[in-house]
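Novice: Below is the file final.tsv, with TSV, C-alpha atoms.
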```tsv
chain	number	residue	atom	x	y	z
A	637	MET	CA	0.00	0.00	0.00
A	638	ALA	CA	2.80	2.46	0.81
A	639	PHE	CA	4.19	1.91	-2.68
A	640	ASP	CA	0.82	2.88	-4.20
A	641	ALA	CA	0.68	6.07	-2.12
A	642	GLU	CA	4.21	6.99	-3.23
A	643	ARG	CA	3.30	6.37	-6.87
A	644	VAL	CA	0.20	8.58	-6.57
A	645	ARG	CA	2.32	11.25	-4.90
A	646	ASP	CA	4.76	11.11	-7.81
A	647	LEU	CA	1.85	11.57	-10.26
A	648	LEU	CA	0.61	14.68	-8.43
A	649	VAL	CA	3.96	16.36	-7.66
A	650	PRO	CA	4.41	18.05	-11.08
A	651	HIS	CA	0.95	19.59	-10.79
A	652	LEU	CA	0.97	20.69	-7.15
A	653	MET	CA	4.53	21.39	-5.99
A	654	GLY	CA	5.92	24.88	-6.16
A	655	ARG	CA	4.29	28.27	-6.46
A	656	LEU	CA	0.51	28.46	-6.90
A	657	ASP	CA	-1.01	31.86	-7.64
A	658	ASP	CA	-4.48	33.31	-7.70
A	659	PRO	CA	-5.39	37.02	-7.93
A	660	SER	CA	-5.23	37.57	-4.18
A	661	ALA	CA	-2.78	34.97	-2.79
A	662	THR	CA	0.38	33.03	-3.47
A	663	LEU	CA	0.85	29.61	-1.93
A	664	GLU	CA	4.21	27.85	-2.12
A	665	VAL	CA	3.77	24.08	-1.81
A	666	THR	CA	6.88	22.64	-0.16
A	667	GLY	CA	5.75	19.11	0.65
A	668	LEU	CA	3.21	16.57	-0.52
A	669	GLU	CA	2.15	13.24	0.99
A	670	ILE	CA	-0.65	10.78	0.24
A	671	VAL	CA	-2.35	9.06	3.18
A	672	GLU	CA	-4.70	6.20	2.42
A	673	ARG	CA	-7.89	5.97	4.49
A	674	GLY	CA	-9.81	2.85	3.54
A	675	ARG	CA	-11.35	3.44	0.11
A	676	ALA	CA	-10.57	7.16	0.27
A	677	PHE	CA	-7.33	9.07	0.71
A	678	VAL	CA	-6.00	12.41	1.88
A	679	ILE	CA	-3.57	14.71	0.09
A	680	VAL	CA	-1.42	16.28	2.82
A	681	VAL	CA	0.23	19.49	1.67
A	682	GLU	CA	2.84	21.57	3.45
A	683	LEU	CA	3.00	25.14	2.25
A	684	LEU	CA	4.19	28.66	2.84
A	685	ALA	CA	1.62	31.42	2.65
A	686	ASP	CA	1.84	35.02	3.77
A	687	GLY	CA	5.06	34.27	5.68
A	688	GLN	CA	3.49	31.35	7.57
A	689	ARG	CA	4.00	27.59	7.36
A	690	TRP	CA	0.90	25.39	7.15
A	691	ARG	CA	-0.06	21.73	6.82
A	692	VAL	CA	-3.36	21.22	5.02
A	693	ARG	CA	-5.26	17.95	4.65
A	694	LEU	CA	-7.36	17.68	1.50
A	695	PRO	CA	-9.69	14.68	1.72
A	696	ARG	CA	-10.45	12.91	-1.54
A	697	ASP	CA	-13.29	10.46	-1.93
A	698	ASN	CA	-13.61	7.07	-3.56
A	699	ALA	CA	-14.17	8.66	-7.00
A	700	ASP	CA	-10.55	9.83	-7.05
A	701	ARG	CA	-9.20	6.34	-6.26
A	702	VAL	CA	-8.65	5.99	-10.00
A	703	LEU	CA	-5.19	7.45	-9.27
A	704	PHE	CA	-4.33	4.13	-7.61
A	705	ASP	CA	-5.31	2.08	-10.70
A	706	GLY	CA	-2.01	1.41	-12.43
A	707	ALA	CA	-1.47	4.18	-14.96
A	708	PRO	CA	-4.39	6.63	-14.90
A	709	PRO	CA	-4.85	8.87	-17.95
A	710	TYR	CA	-2.96	12.17	-17.84
A	711	HIS	CA	-6.16	14.24	-18.02
A	712	VAL	CA	-7.49	12.44	-14.92
A	713	VAL	CA	-4.32	13.14	-12.92
A	714	ARG	CA	-4.33	16.76	-14.03
A	715	GLY	CA	-8.04	17.13	-13.21
A	716	ILE	CA	-7.67	15.75	-9.69
A	717	ALA	CA	-4.60	17.94	-9.10
A	718	GLY	CA	-6.59	20.92	-10.36
A	719	MET	CA	-9.39	20.19	-7.90
A	720	ALA	CA	-6.82	19.96	-5.09
A	721	ARG	CA	-5.39	23.36	-6.11
A	722	VAL	CA	-8.87	24.90	-6.02
A	723	GLN	CA	-9.51	23.31	-2.64
A	724	LEU	CA	-6.23	24.77	-1.31
A	725	PHE	CA	-7.19	28.30	-2.35
A	726	GLU	CA	-10.72	27.86	-0.97
A	727	TRP	CA	-9.18	26.74	2.32
A	728	TRP	CA	-6.83	29.73	2.37
A	729	HIS	CA	-9.58	32.26	1.74
A	730	THR	CA	-12.16	30.73	4.12
A	731	LYS	CA	-10.11	29.29	7.00
A	732	GLY	CA	-10.67	32.38	9.15
A	733	HIS	CA	-14.44	32.24	9.10
A	734	GLU	CA	-15.57	28.72	8.21
A	735	ARG	CA	-15.08	26.04	10.83
A	736	ARG	CA	-15.01	23.24	8.25
A	737	SER	CA	-12.18	24.94	6.34
A	738	ALA	CA	-10.29	25.78	9.52
A	739	LYS	CA	-10.21	22.09	10.47
A	740	LEU	CA	-8.37	21.19	7.25
A	741	GLY	CA	-5.24	23.17	8.11
A	742	GLU	CA	-2.87	23.62	10.97
A	743	ARG	CA	-0.28	26.32	11.35
A	744	LEU	CA	3.23	24.98	11.86
A	745	ARG	CA	5.93	26.51	13.94
A	746	PRO	CA	8.46	28.64	12.06
A	747	ALA	CA	11.69	26.90	11.10
A	748	ASP	CA	14.56	27.70	13.43
```
Would you mind writing the file's structure down as structure tokens?

Specialist:
Amino acid sequence: MAFDAERVRDLLVPHLMGRLDDPSATLEVTGLEIVERGRAFVIVVELLADGQRWRVRLPRDNADRVLFDGAPPYHVVRGIAGMARVQLFEWWHTKGHERRSAKLGERLRPAD
């Protein structure tokens, strides 16, 4: 199972790692991990935003398990990564006033 999670991570890295921009925010993704949870999984992202370090958990449902099926089509990988990017920006913009969004992320201590 760990091998599958690593393979899915490798599929998503080119689409999620690095600088992500929208008109009002820049998020710098510095780490990416896949955690399997039964028939679902979670994309765990570490990022820098507005001078702060965060860890954000993006739950994915059974529909996105297609990533674990051997060699998923490129458009599927890109589509799921795109949804994760949108979810990251939604989290960033709503974490201060929506409890559900706030629960997805945790602020990390600054690096020494």

Novice: Using only C-alpha atoms, can you list as a PyMOL selection string the residues within 12 Å of (-10.9, 4.7, 4.3)?

Specialist: chain A and resi 671-678+695-698+701

Novice: Counting all atoms listed in the file, figure out which residue out of A:Ala717, A:Pro708, A:Arg693, A:Thr662 gets nearest to Arg736 of chain A.

Specialist: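 Checking each candidate against Arg736 of chain A, we get A:Arg693 as the closest.
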
Novice: Find the residues around Leu668 of chain A up to 8 Å (all atoms listed in the file counted), leave out those fewer than 2 positions away in its own chain, and share them as a PyMOL selection string.

Specialist: chain A and resi 645+649+653+665-666+670+679-682

Novice: Show which residues sit within 12 Å of Ala661 of chain A, as a PyMOL selection string. Count only C-alpha atoms, and ignore same-chain residues fewer than 2 positions away.

Specialist: chain A and resi 655-659+663-664+684-687+724-729

Novice: Ranking A:Lys739, A:Glu734, A:Pro650, A:Ser660 by minimum distance to Val713 of chain A and counting all atoms listed in the file, which one comes first?

Specialist: A:Pro650

Novice: Which residue out of A:Asp700, A:Glu742, A:Glu642, A:Glu669 has the minimum interatomic distance to Arg714 of chain A when all atoms listed in the file are used?

Specialist: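 That would be A:Asp700, the residue with the smallest distance to Arg714 of chain A.
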
Novice: List every protein, DNA or RNA residue with an atom no more than 12 Å from (-6.9, 7.7, -15.2) in the file's coordinates, counting all atoms listed in the file, and format the result as a list in words.

Specialist: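 It turns out the residues near that spot are Val644, Leu647, Ala699, Asp700, Arg701, Val702, Leu703, Phe704, Asp705, Gly706, Ala707, Pro708, Pro709, Tyr710, His711, Val712, Val713, Arg714, Gly715 and Ile716 of chain A.
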
Novice: One number please: atom CA of Leu744 of chain A to atom CA of Asp640 of chain A, in Å, one decimal.

Specialist: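 If I compute the distance from atom CA of Leu744 of chain A to atom CA of Asp640 of chain A, I get 27.4 Å.
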
Novice: What does the structure give for the distance between atom CA of Arg691 of chain A and atom CA of Gly741 of chain A, in Å to one decimal?

Specialist: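 Computing the Euclidean distance for atom CA of Arg691 of chain A and atom CA of Gly741 of chain A yields 5.5 Å.
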
Novice: Atom CA of Gly667 of chain A to atom CA of Ala641 of chain A: how many Å, to one decimal?

Specialist: 14.3 Å

Novice: Which residue is closest to Pro746 of chain A? Choose from A:Arg643, A:Leu683, A:His733, A:Gln688 and count all atoms listed in the file.

Specialist: A:Gln688

Novice: Using all atoms of segment 731-741 of chain A that appear in the file, construct an axis-aligned enclosing box with 5 Å of padding on every side and provide its centre coordinates and edge lengths in Å, rounded to one decimal, as JSON.

Specialist:
```
{"center_x": -10.4, "center_y": 26.8, "center_z": 8.6, "size_x": 20.3, "size_y": 21.2, "size_z": 14.5}
```

Novice: Out of A:Leu652, A:Asp646, A:Gly732, A:Trp690, which residue has the shortest atom-to-atom distance to Gly718 of chain A when counting only C-alpha atoms?

Specialist: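 Closest candidate: A:Leu652.
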